[in-house]
$ cat target_11.cif   # mmCIF, C-alpha atoms and all ligand atoms
data_coords
loop_
_atom_site.label_atom_id
_atom_site.label_comp_id
_atom_site.auth_asym_id
_atom_site.auth_seq_id
_atom_site.Cartn_x
_atom_site.Cartn_y
_atom_site.Cartn_z
CA MET B 1 51.19 40.74 117.17
CA ASN B 2 49.54 41.85 120.37
CA PRO B 3 51.69 44.86 121.34
CA LEU B 4 51.21 43.99 124.98
CA PHE B 5 53.41 40.93 124.53
CA ALA B 6 55.42 42.07 121.52
CA ASN B 7 56.74 45.05 123.50
CA LEU B 8 57.55 43.15 126.67
CA PRO B 9 61.19 42.45 127.46
CA THR B 10 62.24 38.85 128.20
CA THR B 11 61.89 38.25 131.95
CA VAL B 12 64.89 39.24 134.02
CA PHE B 13 65.12 35.65 135.35
CA GLU B 14 65.61 34.21 131.89
CA VAL B 15 68.05 36.99 130.90
CA MET B 16 70.25 36.55 133.97
CA SER B 17 70.16 32.73 133.86
CA GLY B 18 71.05 32.93 130.16
CA LEU B 19 74.05 35.17 130.91
CA ALA B 20 75.10 32.82 133.73
CA ARG B 21 74.98 29.85 131.34
CA GLU B 22 76.93 31.71 128.62
CA THR B 23 79.65 32.95 130.94
CA GLY B 24 79.80 29.98 133.31
CA ALA B 25 78.96 32.31 136.22
CA ILE B 26 77.66 31.11 139.59
CA ASN B 27 73.92 31.63 139.30
CA LEU B 28 72.57 33.36 142.41
CA GLY B 29 69.93 35.11 140.29
CA GLN B 30 66.83 33.09 139.42
CA GLY B 31 65.30 31.53 142.53
CA PHE B 32 65.87 27.79 142.47
CA PRO B 33 67.68 25.58 144.98
CA ASP B 34 70.79 23.44 144.42
CA ASP B 35 69.06 20.78 146.49
CA PRO B 36 67.36 18.10 144.33
CA GLY B 37 64.25 18.10 146.57
CA PRO B 38 62.92 15.41 148.95
CA LEU B 39 63.66 11.91 147.62
CA ASP B 40 60.45 10.31 148.87
CA VAL B 41 58.30 12.94 147.15
CA ARG B 42 60.21 12.50 143.90
CA GLN B 43 59.94 8.73 144.28
CA LYS B 44 56.16 9.03 144.61
CA ALA B 45 56.04 11.01 141.38
CA ALA B 46 58.21 8.45 139.60
CA ASP B 47 56.00 5.59 140.82
CA ALA B 48 52.92 7.44 139.67
CA VAL B 49 54.44 7.95 136.21
CA LEU B 50 55.27 4.26 135.90
CA ASN B 51 52.30 2.64 137.61
CA GLY B 52 49.67 5.33 138.00
CA TYR B 53 47.04 6.97 135.87
CA ASN B 54 48.58 9.24 133.23
CA GLN B 55 45.49 10.52 131.42
CA TYR B 56 43.67 13.81 132.03
CA PRO B 57 42.84 14.14 135.70
CA SER B 58 39.73 16.03 136.73
CA MET B 59 39.74 19.71 135.93
CA MET B 60 39.67 20.92 139.54
CA GLY B 61 42.53 18.62 140.56
CA LEU B 62 42.81 15.12 142.02
CA PRO B 63 40.39 14.78 144.96
CA GLU B 64 43.22 13.37 147.10
CA LEU B 65 45.32 16.49 146.46
CA ARG B 66 42.44 18.91 147.08
CA SER B 67 41.77 17.18 150.41
CA ALA B 68 45.47 17.25 151.26
CA ILE B 69 45.63 21.01 150.54
CA ALA B 70 42.62 21.70 152.80
CA ALA B 71 44.08 19.51 155.57
CA HIS B 72 47.53 21.11 155.22
CA TYR B 73 46.17 24.64 155.54
CA ARG B 74 43.94 23.63 158.45
CA HIS B 75 46.96 22.25 160.26
CA TRP B 76 49.47 25.01 159.44
CA GLN B 77 47.33 28.11 159.10
CA GLY B 78 44.07 27.34 160.93
CA LEU B 79 41.96 27.71 157.77
CA ASP B 80 38.67 25.90 157.37
CA LEU B 81 38.37 25.10 153.64
CA ASP B 82 35.91 22.82 151.89
CA ALA B 83 38.07 20.72 149.56
CA SER B 84 35.24 20.14 147.12
CA THR B 85 34.13 23.77 146.63
CA GLU B 86 36.99 25.99 147.80
CA VAL B 87 40.20 24.36 146.54
CA MET B 88 41.52 24.01 142.98
CA VAL B 89 44.81 22.73 141.57
CA THR B 90 46.53 24.78 138.86
CA SER B 91 49.63 24.43 136.71
CA GLY B 92 51.82 26.49 139.00
CA ALA B 93 51.08 29.67 140.87
CA THR B 94 51.63 31.46 137.57
CA GLU B 95 48.52 29.89 136.06
CA ALA B 96 46.61 30.58 139.27
CA LEU B 97 47.58 34.26 139.06
CA ALA B 98 46.60 34.46 135.40
CA GLY B 99 43.22 32.83 136.06
CA ALA B 100 42.48 35.01 139.07
CA ILE B 101 43.43 38.26 137.35
CA LEU B 102 41.72 37.43 134.05
CA GLY B 103 38.67 36.03 135.84
CA LEU B 104 38.14 38.88 138.30
CA VAL B 105 39.31 42.06 136.55
CA GLU B 106 37.10 43.71 133.94
CA PRO B 107 38.32 46.41 131.54
CA GLY B 108 38.47 49.73 133.37
CA ASP B 109 38.65 48.22 136.86
CA GLU B 110 41.42 49.55 139.05
CA VAL B 111 43.90 47.07 140.47
CA VAL B 112 46.17 47.94 143.37
CA LEU B 113 49.71 46.56 142.95
CA PHE B 114 52.53 46.79 145.47
CA GLU B 115 55.91 47.44 143.90
CA PRO B 116 58.41 45.84 143.89
CA MET B 117 56.15 43.14 142.46
CA TYR B 118 56.66 39.74 140.90
CA ASP B 119 57.09 40.34 137.21
CA ALA B 120 54.00 38.44 135.98
CA TYR B 121 51.47 40.70 137.76
CA LEU B 122 51.51 43.86 135.68
CA PRO B 123 51.32 42.26 132.19
CA LEU B 124 48.39 40.12 133.38
CA VAL B 125 46.56 43.12 134.80
CA ARG B 126 47.10 44.98 131.51
CA LEU B 127 45.92 41.94 129.54
CA ALA B 128 42.69 41.97 131.53
CA GLY B 129 42.24 45.68 130.73
CA GLY B 130 42.77 46.66 134.37
CA ILE B 131 44.20 50.01 135.38
CA PRO B 132 47.17 49.59 137.74
CA ARG B 133 47.42 51.77 140.85
CA PHE B 134 50.79 51.37 142.50
CA VAL B 135 51.79 51.40 146.12
CA THR B 136 55.56 51.88 146.20
CA LEU B 137 57.39 50.08 148.99
CA GLU B 138 60.80 51.49 149.86
CA PRO B 139 63.95 49.93 151.29
CA PRO B 140 65.06 49.04 153.87
CA HIS B 141 61.76 47.91 155.46
CA PHE B 142 59.26 47.86 152.54
CA ARG B 143 56.31 48.46 154.90
CA LEU B 144 52.72 49.41 154.06
CA THR B 145 51.54 52.83 155.16
CA GLU B 146 48.04 54.15 155.52
CA GLU B 147 48.89 57.21 153.39
CA ALA B 148 50.20 55.10 150.49
CA LEU B 149 47.15 52.82 150.57
CA ALA B 150 44.81 55.81 150.73
CA ARG B 151 46.45 57.21 147.57
CA ALA B 152 46.06 53.93 145.66
CA PHE B 153 42.55 52.78 146.61
CA SER B 154 39.44 54.35 145.09
CA PRO B 155 35.78 53.43 144.57
CA LYS B 156 36.91 51.85 141.28
CA THR B 157 39.29 49.42 143.00
CA LYS B 158 38.20 45.88 142.14
CA VAL B 159 41.23 43.79 143.02
CA VAL B 160 44.46 44.01 145.03
CA VAL B 161 47.36 41.74 144.09
CA PHE B 162 49.38 41.15 147.24
CA ASN B 163 52.45 38.99 147.85
CA ASN B 164 53.52 37.83 151.30
CA PRO B 165 56.30 36.84 151.98
CA LEU B 166 57.38 39.33 149.36
CA ASN B 167 59.62 38.34 146.47
CA PRO B 168 62.06 40.07 145.81
CA THR B 169 62.50 41.95 149.10
CA ALA B 170 62.28 38.93 151.48
CA THR B 171 59.85 40.90 153.68
CA VAL B 172 57.25 39.17 155.85
CA PHE B 173 54.47 41.67 156.50
CA SER B 174 53.57 42.31 160.14
CA PRO B 175 50.11 41.65 161.60
CA ASP B 176 49.56 45.44 161.63
CA ASP B 177 50.38 45.71 157.91
CA LEU B 178 47.98 42.86 157.13
CA ALA B 179 45.21 44.38 159.24
CA LEU B 180 45.66 47.68 157.39
CA LEU B 181 45.40 45.92 154.03
CA ALA B 182 42.28 44.01 155.11
CA ASP B 183 40.73 47.24 156.36
CA PHE B 184 41.20 48.91 152.95
CA CYS B 185 39.88 45.83 151.08
CA ARG B 186 36.72 45.83 153.21
CA ARG B 187 36.21 49.59 152.99
CA PHE B 188 36.58 49.65 149.20
CA ASP B 189 34.87 46.30 148.62
CA ALA B 190 37.97 44.88 146.90
CA ILE B 191 39.07 41.28 146.40
CA ALA B 192 42.61 40.37 147.51
CA ILE B 193 44.53 38.01 145.25
CA SER B 194 47.13 36.90 147.76
CA ASP B 195 50.22 35.25 146.34
CA GLU B 196 51.53 33.21 149.26
CA VAL B 197 53.87 30.86 147.41
CA TRP B 198 56.61 31.54 150.01
CA GLU B 199 54.31 30.73 152.98
CA HIS B 200 56.56 27.95 154.32
CA VAL B 201 59.81 29.84 153.80
CA VAL B 202 59.69 32.17 156.82
CA PHE B 203 62.51 32.51 159.32
CA ASP B 204 63.31 33.31 162.95
CA GLY B 205 60.21 31.67 164.40
CA ARG B 206 57.72 33.53 162.22
CA ARG B 207 54.38 31.91 161.30
CA HIS B 208 52.68 32.67 158.02
CA GLN B 209 49.38 34.53 158.27
CA PRO B 210 47.12 33.98 155.24
CA VAL B 211 45.09 36.98 154.03
CA LEU B 212 42.05 34.71 153.70
CA GLY B 213 42.16 34.19 157.46
CA LEU B 214 42.03 37.91 158.31
CA GLU B 215 38.89 39.48 159.70
CA GLY B 216 36.30 40.05 156.98
CA MET B 217 38.50 38.52 154.23
CA ARG B 218 37.08 34.99 154.04
CA GLU B 219 34.68 35.87 151.22
CA ARG B 220 36.95 38.31 149.40
CA SER B 221 40.31 36.56 149.09
CA VAL B 222 42.01 34.28 146.61
CA LYS B 223 44.86 32.42 148.27
CA ILE B 224 47.56 31.16 145.91
CA GLY B 225 50.24 28.59 146.82
CA SER B 226 52.87 26.54 144.97
CA ALA B 227 54.24 23.06 145.63
CA GLY B 228 57.38 24.17 143.79
CA LYS B 229 58.30 26.46 146.67
CA ILE B 230 57.04 24.22 149.48
CA PHE B 231 59.13 21.22 148.39
CA ASN B 232 62.12 22.95 146.73
CA LEU B 233 60.97 21.51 143.39
CA THR B 234 60.54 24.75 141.46
CA GLY B 235 60.14 23.07 138.07
CA TRP B 236 57.07 21.11 139.15
CA LYS B 237 54.50 23.83 138.53
CA VAL B 238 51.76 22.48 140.76
CA GLY B 239 49.83 25.42 142.17
CA PHE B 240 46.92 25.72 144.60
CA VAL B 241 44.07 28.20 144.71
CA CYS B 242 41.69 28.59 147.63
CA ALA B 243 38.65 30.87 147.62
CA ALA B 244 35.03 30.99 148.74
CA PRO B 245 32.69 29.08 146.37
CA GLU B 246 31.29 32.18 144.66
CA ILE B 247 34.78 33.35 143.62
CA MET B 248 35.98 29.81 142.91
CA ARG B 249 33.27 29.31 140.30
CA VAL B 250 34.80 32.14 138.26
CA LEU B 251 38.37 30.95 138.80
CA ALA B 252 37.39 27.49 137.57
CA LYS B 253 35.97 28.99 134.36
CA ALA B 254 39.25 30.79 133.71
CA HIS B 255 41.28 27.66 134.54
CA GLN B 256 39.37 25.48 132.09
CA PHE B 257 40.73 27.48 129.16
CA LEU B 258 44.18 28.30 130.48
CA ALA B 259 45.63 24.92 131.47
CA PHE B 260 42.54 22.80 132.25
CA THR B 261 44.57 20.26 134.23
CA THR B 262 47.96 19.60 135.83
CA PRO B 263 50.05 16.39 135.46
CA PRO B 264 48.34 13.76 137.66
CA ASN B 265 51.57 12.04 138.73
CA LEU B 266 52.95 15.26 140.20
CA GLN B 267 49.61 15.89 141.91
CA THR B 268 49.79 12.46 143.55
CA ALA B 269 53.30 13.16 144.84
CA VAL B 270 52.34 16.60 146.15
CA ALA B 271 49.30 15.14 147.97
CA TYR B 272 51.68 12.73 149.69
CA GLY B 273 54.21 15.48 150.48
CA LEU B 274 51.69 17.88 152.04
CA GLY B 275 50.88 15.23 154.64
CA LYS B 276 54.45 14.89 155.86
CA ASP B 277 55.12 15.61 159.53
CA ASP B 278 55.99 19.00 160.98
CA ALA B 279 59.64 18.05 161.41
CA PHE B 280 60.02 17.79 157.63
CA PHE B 281 58.75 21.33 156.97
CA ASP B 282 60.62 22.74 159.97
CA GLY B 283 63.78 21.04 158.69
CA LEU B 284 63.49 22.63 155.23
CA ARG B 285 63.08 26.02 156.87
CA ALA B 286 66.01 25.45 159.21
CA ASP B 287 68.29 24.46 156.31
CA LEU B 288 67.35 27.56 154.34
CA SER B 289 67.77 29.78 157.35
CA ARG B 290 71.31 28.39 157.88
CA SER B 291 72.13 29.18 154.25
CA ARG B 292 70.72 32.67 154.67
CA ASP B 293 72.90 33.27 157.73
CA ARG B 294 76.01 31.91 156.05
CA PHE B 295 75.58 34.09 152.98
CA SER B 296 74.46 37.17 154.86
CA THR B 297 77.38 36.99 157.31
CA GLY B 298 79.76 36.50 154.40
CA LEU B 299 78.39 39.51 152.53
CA GLU B 300 78.52 41.69 155.64
CA SER B 301 82.09 40.74 156.38
CA LEU B 302 83.01 41.73 152.83
CA GLY B 303 81.49 45.15 153.51
CA PHE B 304 78.16 44.90 151.65
CA ALA B 305 75.05 46.55 153.13
CA VAL B 306 72.72 43.57 153.60
CA LEU B 307 68.98 44.19 153.98
CA PRO B 308 66.92 42.00 156.35
CA SER B 309 65.70 38.67 154.93
CA GLN B 310 62.66 37.42 156.86
CA GLY B 311 61.50 34.81 154.33
CA THR B 312 61.85 33.47 150.74
CA TYR B 313 65.06 32.15 149.13
CA PHE B 314 66.38 35.67 148.78
CA LEU B 315 68.41 38.38 150.38
CA ASN B 316 69.17 41.83 149.06
CA ILE B 317 72.02 44.27 149.27
CA ASP B 318 71.85 48.03 148.98
CA ILE B 319 74.52 49.12 146.51
CA ALA B 320 74.11 52.87 147.14
CA PRO B 321 76.82 52.85 149.85
CA LEU B 322 79.23 51.54 147.17
CA GLY B 323 78.55 54.67 145.16
CA GLU B 324 76.45 52.69 142.66
CA THR B 325 73.32 54.24 141.14
CA ASP B 326 72.25 51.63 138.56
CA ASP B 327 71.48 48.07 139.66
CA VAL B 328 71.14 46.80 136.08
CA ALA B 329 74.64 48.00 135.13
CA PHE B 330 75.96 46.65 138.44
CA CYS B 331 74.43 43.19 137.84
CA ARG B 332 75.79 43.14 134.29
CA ARG B 333 79.31 43.84 135.61
CA LEU B 334 78.79 41.27 138.35
CA VAL B 335 78.07 38.51 135.87
CA MET B 336 80.48 39.54 133.07
CA ASP B 337 83.51 40.61 135.15
CA HIS B 338 83.09 38.74 138.44
CA GLY B 339 81.25 35.55 137.45
CA VAL B 340 78.20 35.90 139.72
CA ALA B 341 74.63 36.30 138.45
CA ALA B 342 72.17 38.29 140.60
CA ILE B 343 68.85 40.08 139.94
CA PRO B 344 68.50 43.88 139.73
CA VAL B 345 65.46 44.68 141.86
CA SER B 346 64.53 47.68 139.67
CA ALA B 347 63.06 45.03 137.32
CA PHE B 348 60.24 44.64 139.87
CA TYR B 349 59.46 48.38 140.07
CA ALA B 350 57.16 49.71 137.35
CA GLN B 351 57.92 53.38 137.91
CA GLY B 352 61.69 53.43 138.47
CA ALA B 353 61.40 54.31 142.17
CA VAL B 354 64.32 52.20 143.42
CA LYS B 355 67.50 51.41 141.48
CA THR B 356 70.10 50.41 144.04
CA VAL B 357 68.93 47.07 145.39
CA VAL B 358 70.32 43.73 144.18
CA ARG B 359 68.80 40.31 144.97
CA PHE B 360 70.72 37.09 145.58
CA CYS B 361 69.29 33.57 145.93
CA PHE B 362 70.91 31.79 148.88
CA ALA B 363 69.08 28.44 148.47
CA LYS B 364 72.38 26.86 147.46
CA LYS B 365 74.99 24.41 148.75
CA ASP B 366 77.59 25.87 151.10
CA GLU B 367 80.28 25.42 148.42
CA THR B 368 78.23 27.43 145.92
CA LEU B 369 77.64 30.24 148.41
CA ASP B 370 81.29 30.30 149.49
CA ALA B 371 82.49 30.36 145.88
CA GLY B 372 80.05 33.20 145.19
CA LEU B 373 81.36 35.15 148.19
CA GLU B 374 84.94 34.66 147.06
CA ARG B 375 84.10 36.21 143.72
CA LEU B 376 82.07 39.00 145.31
CA ALA B 377 85.11 40.01 147.36
CA GLY B 378 86.56 41.24 144.07
CA VAL B 379 83.61 43.62 143.62
CA ILE B 380 84.33 45.45 146.85
CA GLY B 381 88.03 45.51 145.97
CA ALA B 382 87.19 47.05 142.59
CA ALA B 383 84.88 49.66 144.19
CA ARG B 384 87.53 50.84 146.68
N1 LIG X 401 54.71 34.24 142.64
C1 LIG X 401 55.88 34.51 143.22
C2 LIG X 401 55.97 35.61 144.21
C3 LIG X 401 57.01 33.75 142.90
O1 LIG X 401 58.17 34.02 143.49
C4 LIG X 401 56.88 32.70 141.95
C5 LIG X 401 58.04 31.86 141.51
N2 LIG X 401 59.19 32.06 142.07
C6 LIG X 401 55.64 32.46 141.38
C7 LIG X 401 54.58 33.25 141.74
C8 LIG X 401 55.45 31.39 140.36
O2 LIG X 401 55.26 30.14 140.93
P1 LIG X 401 55.11 28.82 140.03
O3 LIG X 401 56.48 28.40 139.64
O4 LIG X 401 54.41 27.85 140.91
O5 LIG X 401 54.30 29.20 138.83
N1 LIG X 402 60.26 33.08 141.04
C1 LIG X 402 61.60 32.85 140.65
C2 LIG X 402 62.44 34.01 141.12
O1 LIG X 402 61.93 34.94 141.64
C3 LIG X 402 61.76 32.72 139.18
C4 LIG X 402 60.56 32.39 138.41
C5 LIG X 402 60.80 32.54 136.96
O2 LIG X 402 61.88 32.26 136.47
N2 LIG X 402 59.81 33.01 136.27
O3 LIG X 402 63.62 33.99 140.92
#
$ encode --input "target_11.cif" --output "structure tokens" --more "lines below"
Ligand code: PMP
Ligand code: GLN
Amino acid sequence: MNPLFANLPTTVFEVMSGLARETGAINLGQGFPDDPGPLDVRQKAADAVLNGYNQYPSMMGLPELRSAIAAHYRHWQGLDLDASTEVMVTSGATEALAGAILGLVEPGDEVVLFEPMYDAYLPLVRLAGGIPRFVTLEPPHFRLTEEALARAFSPKTKVVVFNNPLNPTATVFSPDDLALLADFCRRFDAIAISDEVWEHVVFDGRRHQPVLGLEGMRERSVKIGSAGKIFNLTGWKVGFVCAAPEIMRVLAKAHQFLAFTTPPNLQTAVAYGLGKDDAFFDGLRADLSRSRDRFSTGLESLGFAVLPSQGTYFLNIDIAPLGETDDVAFCRRLVMDHGVAAIPVSAFYAQGAVKTVVRFCFAKKDETLDAGLERLAGVIGAAR
């Protein structure tokens, strides 16, 4: 077996969801909403299954979806994308990431990764033969610094894999952070693979700023999105990739032998959904932000140290003030003894830099959050 895969642990999401299923715990670990997703979008998909075309769609994606993606990003993010040469549909952001990393990284190339990082990045970089160079982001603010970037970038840097808003820390990078990143990419002639799957899930009046729209980044960025996150339909696995034609040609070659296509009925429904009015997207954000506030206030009143959540479905607590030093052991106790599944954030650090941050998913019904809080009260009681 390829040792790269044979030696990998099962992803922390699967492990924690498995434990939640076995123990009947409330699952605030893996990021998926209680909400069934917008009815009209699901209805469109159902209609397309029953009455639509169910054979292989074109490799680059349905033209109606590619146009809808370009129009959506023009409207929301001011991007000017040519749907026929700069937009491709993939089977989830995961496939988009795999295609971009495998397509752009050659053996021996250095790849800058920001930890904590989504767990798919590092195995894919290793599979491509890339050499990871880590920038370690630290709680509570997880900001970029010039010194850290200067240590990670070198003349061998080919690609940077960036994630904004950042899962798991729920950070939305500031315009200054983004300008710093773009400056390093330009100086070192690096391509940014920018995982922006959480672009619509930003709170407190924030607007998402795509890396592709930053000065000098138009020709050196791969923008990745996911309908799963935009519509609270995480199982749908319809991803989007946007890049200048020269890069897109390579991404398309990788895509043709990874997934080749994506279910056409889901593509039809996503094309419809992306054209919905602003109130729909603002409403989704407002609902999630209410859930964030409810859960965050509840945790704070129990005495947990809650870190800021500026976007994503997640919020984190720092368990160091509870005298805890091992987030994995803490999460195991949480699920086995208290009936709540969460995610130890150390799973997203490659070098063991941070071990006292725990992630919760708040994209849940009020009853689920309240029941979770009731159980978590027992944790503080036990620590005292
Ligand atoms: N990147 C990040 C940062 C994510 O959080 C996720 C899923 N939660 C993905 C990629 C994968 O997205 P998809 O389900 O569309 O493959
Ligand atoms: N992205 C989701 C999360 O962060 C989970 C994705 C997965 O299960 N691979 O929880």
$ atom_distance --input "target_11.cif" --atom1 "atom CA of B:Phe13" --atom2 "atom CA of B:Val135"
23.3 Å
$ atom_distance --input "target_11.cif" --atom1 "atom CA of B:Ala148" --atom2 "atom CA of B:Phe173"
15.3 Å
$ closest_residue --input "target_11.cif" --among "B:Pro123, B:Pro168, B:Gly24, B:Gly18" --to "ligand LIG 402 (chain X)" --atoms "all atoms listed in the file"
B:Pro168
$ residues_around --input "target_11.cif" --residues "B:Ala100" --least-positions-apart "4" --cutoff "7 Å" --atoms "all atoms listed in the file" --output "MDAnalysis selection string"
chainID B and resid 96 104 251
$ atom_distance --input "target_11.cif" --atom1 "atom CA of B:Arg143" --atom2 "atom CA of B:Glu215"
20.2 Å
$ axis_aligned_box --input "target_11.cif" --around "ligand LIG 402 (chain X)" --padding-each-side "5 Å" --output "lines of an AutoDock Vina configuration file"
center_x = 61.7
center_y = 33.6
center_z = 139.0
size_x = 13.8
size_y = 12.7
size_z = 15.4
$ closest_residue --input "target_11.cif" --among "B:Leu28, B:Leu233, B:Leu113, B:Leu302" --to "ligand LIG 401 (chain X)" --atoms "all atoms listed in the file"
B:Leu233
$ closest_residue --input "target_11.cif" --among "B:Leu166, B:Val12, B:Leu81, B:Ile69" --to "ligand LIG 401 (chain X)" --atoms "all atoms listed in the file"
B:Leu166
$ closest_residue --input "target_11.cif" --among "B:Phe314, B:Phe184, B:Phe162, B:Tyr349" --to "ligand LIG 402 (chain X)" --atoms "only C-alpha atoms and all ligand atoms"
B:Phe314
$ closest_residue --input "target_11.cif" --among "B:Ile317, B:Ala227, B:Ala243, B:Met60" --to "B:Phe304" --atoms "all atoms listed in the file"
B:Ile317
$ closest_atom_pairs --input "target_11.cif" --of "chain B" --to "ligand LIG 401 (chain X)" --cutoff "8 Å" --atoms "only C-alpha atoms and all ligand atoms" --output "JSON lines"
{"residue": "B:Gly31", "atom": "CA", "partner": "X:LIG401", "partner_atom": "N2", "distance": 6.2}
{"residue": "B:Phe32", "atom": "CA", "partner": "X:LIG401", "partner_atom": "N2", "distance": 7.9}
{"residue": "B:Ser91", "atom": "CA", "partner": "X:LIG401", "partner_atom": "O5", "distance": 7.0}
{"residue": "B:Gly92", "atom": "CA", "partner": "X:LIG401", "partner_atom": "O4", "distance": 3.5}
{"residue": "B:Ala93", "atom": "CA", "partner": "X:LIG401", "partner_atom": "O4", "distance": 3.8}
{"residue": "B:Thr94", "atom": "CA", "partner": "X:LIG401", "partner_atom": "O5", "distance": 3.7}
{"residue": "B:Glu95", "atom": "CA", "partner": "X:LIG401", "partner_atom": "O5", "distance": 6.4}
{"residue": "B:Ala96", "atom": "CA", "partner": "X:LIG401", "partner_atom": "O5", "distance": 7.8}
{"residue": "B:Leu97", "atom": "CA", "partner": "X:LIG401", "partner_atom": "C7", "distance": 7.6}
{"residue": "B:Met117", "atom": "CA", "partner": "X:LIG401", "partner_atom": "C2", "distance": 7.7}
{"residue": "B:Tyr118", "atom": "CA", "partner": "X:LIG401", "partner_atom": "C2", "distance": 5.3}
{"residue": "B:Ala120", "atom": "CA", "partner": "X:LIG401", "partner_atom": "C7", "distance": 7.8}
{"residue": "B:Asn163", "atom": "CA", "partner": "X:LIG401", "partner_atom": "C2", "distance": 6.1}
{"residue": "B:Asn164", "atom": "CA", "partner": "X:LIG401", "partner_atom": "C2", "distance": 7.8}
{"residue": "B:Pro165", "atom": "CA", "partner": "X:LIG401", "partner_atom": "C2", "distance": 7.9}
{"residue": "B:Leu166", "atom": "CA", "partner": "X:LIG401", "partner_atom": "C2", "distance": 6.5}
{"residue": "B:Asn167", "atom": "CA", "partner": "X:LIG401", "partner_atom": "C2", "distance": 5.1}
{"residue": "B:Pro168", "atom": "CA", "partner": "X:LIG401", "partner_atom": "O1", "distance": 7.6}
{"residue": "B:Asp195", "atom": "CA", "partner": "X:LIG401", "partner_atom": "N1", "distance": 5.9}
{"residue": "B:Glu196", "atom": "CA", "partner": "X:LIG401", "partner_atom": "C2", "distance": 7.1}
{"residue": "B:Val197", "atom": "CA", "partner": "X:LIG401", "partner_atom": "N1", "distance": 5.9}
{"residue": "B:Trp198", "atom": "CA", "partner": "X:LIG401", "partner_atom": "C2", "distance": 7.1}
{"residue": "B:Gly225", "atom": "CA", "partner": "X:LIG401", "partner_atom": "O4", "distance": 7.3}
{"residue": "B:Ser226", "atom": "CA", "partner": "X:LIG401", "partner_atom": "O4", "distance": 4.5}
{"residue": "B:Ala227", "atom": "CA", "partner": "X:LIG401", "partner_atom": "O4", "distance": 6.7}
{"residue": "B:Gly228", "atom": "CA", "partner": "X:LIG401", "partner_atom": "O4", "distance": 5.5}
{"residue": "B:Lys229", "atom": "CA", "partner": "X:LIG401", "partner_atom": "O4", "distance": 7.1}
{"residue": "B:Thr234", "atom": "CA", "partner": "X:LIG401", "partner_atom": "O3", "distance": 5.8}
{"residue": "B:Gly235", "atom": "CA", "partner": "X:LIG401", "partner_atom": "O3", "distance": 6.7}
{"residue": "B:Trp236", "atom": "CA", "partner": "X:LIG401", "partner_atom": "O3", "distance": 7.3}
{"residue": "B:Lys237", "atom": "CA", "partner": "X:LIG401", "partner_atom": "O4", "distance": 4.7}
{"residue": "B:Val238", "atom": "CA", "partner": "X:LIG401", "partner_atom": "O4", "distance": 6.0}
{"residue": "B:Gly239", "atom": "CA", "partner": "X:LIG401", "partner_atom": "O4", "distance": 5.3}
$ residues_around --input "target_11.cif" --residues "B:Tyr73" --least-positions-apart "3" --cutoff "12 Å" --atoms "only C-alpha atoms" --output "ChimeraX atom specification"
/B:66-70,76-83,87,196,199-200,208-210,212-213,223-225,240-242,274-275
$ write_last_selection --input "target_11.cif" --atoms "C-alpha atoms" --output "PDB file, keeping the file's coordinate frame"
ATOM      1  CA  ARG B  66      42.440  18.910 147.080  1.00  0.00           C
ATOM      2  CA  SER B  67      41.770  17.180 150.410  1.00  0.00           C
ATOM      3  CA  ALA B  68      45.470  17.250 151.260  1.00  0.00           C
ATOM      4  CA  ILE B  69      45.630  21.010 150.540  1.00  0.00           C
ATOM      5  CA  ALA B  70      42.620  21.700 152.800  1.00  0.00           C
ATOM      6  CA  TRP B  76      49.470  25.010 159.440  1.00  0.00           C
ATOM      7  CA  GLN B  77      47.330  28.110 159.100  1.00  0.00           C
ATOM      8  CA  GLY B  78      44.070  27.340 160.930  1.00  0.00           C
ATOM      9  CA  LEU B  79      41.960  27.710 157.770  1.00  0.00           C
ATOM     10  CA  ASP B  80      38.670  25.900 157.370  1.00  0.00           C
ATOM     11  CA  LEU B  81      38.370  25.100 153.640  1.00  0.00           C
ATOM     12  CA  ASP B  82      35.910  22.820 151.890  1.00  0.00           C
ATOM     13  CA  ALA B  83      38.070  20.720 149.560  1.00  0.00           C
ATOM     14  CA  VAL B  87      40.200  24.360 146.540  1.00  0.00           C
ATOM     15  CA  GLU B 196      51.530  33.210 149.260  1.00  0.00           C
ATOM     16  CA  GLU B 199      54.310  30.730 152.980  1.00  0.00           C
ATOM     17  CA  HIS B 200      56.560  27.950 154.320  1.00  0.00           C
ATOM     18  CA  HIS B 208      52.680  32.670 158.020  1.00  0.00           C
ATOM     19  CA  GLN B 209      49.380  34.530 158.270  1.00  0.00           C
ATOM     20  CA  PRO B 210      47.120  33.980 155.240  1.00  0.00           C
ATOM     21  CA  LEU B 212      42.050  34.710 153.700  1.00  0.00           C
ATOM     22  CA  GLY B 213      42.160  34.190 157.460  1.00  0.00           C
ATOM     23  CA  LYS B 223      44.860  32.420 148.270  1.00  0.00           C
ATOM     24  CA  ILE B 224      47.560  31.160 145.910  1.00  0.00           C
ATOM     25  CA  GLY B 225      50.240  28.590 146.820  1.00  0.00           C
ATOM     26  CA  PHE B 240      46.920  25.720 144.600  1.00  0.00           C
ATOM     27  CA  VAL B 241      44.070  28.200 144.710  1.00  0.00           C
ATOM     28  CA  CYS B 242      41.690  28.590 147.630  1.00  0.00           C
ATOM     29  CA  LEU B 274      51.690  17.880 152.040  1.00  0.00           C
ATOM     30  CA  GLY B 275      50.880  15.230 154.640  1.00  0.00           C
TER      31      GLY B 275
END
$ closest_residue --input "target_11.cif" --among "B:Leu288, B:Val340, B:Ala329, B:Met16" --to "ligand LIG 402 (chain X)" --atoms "all atoms listed in the file"
B:Met16
$ residues_around --input "target_11.cif" --residues "B:Leu284" --least-positions-apart "4" --cutoff "12 Å" --atoms "only C-alpha atoms" --output "ChimeraX atom specification"
/B:33,35,37-38,200-203,229-232,276-280,288-291,312-313,363
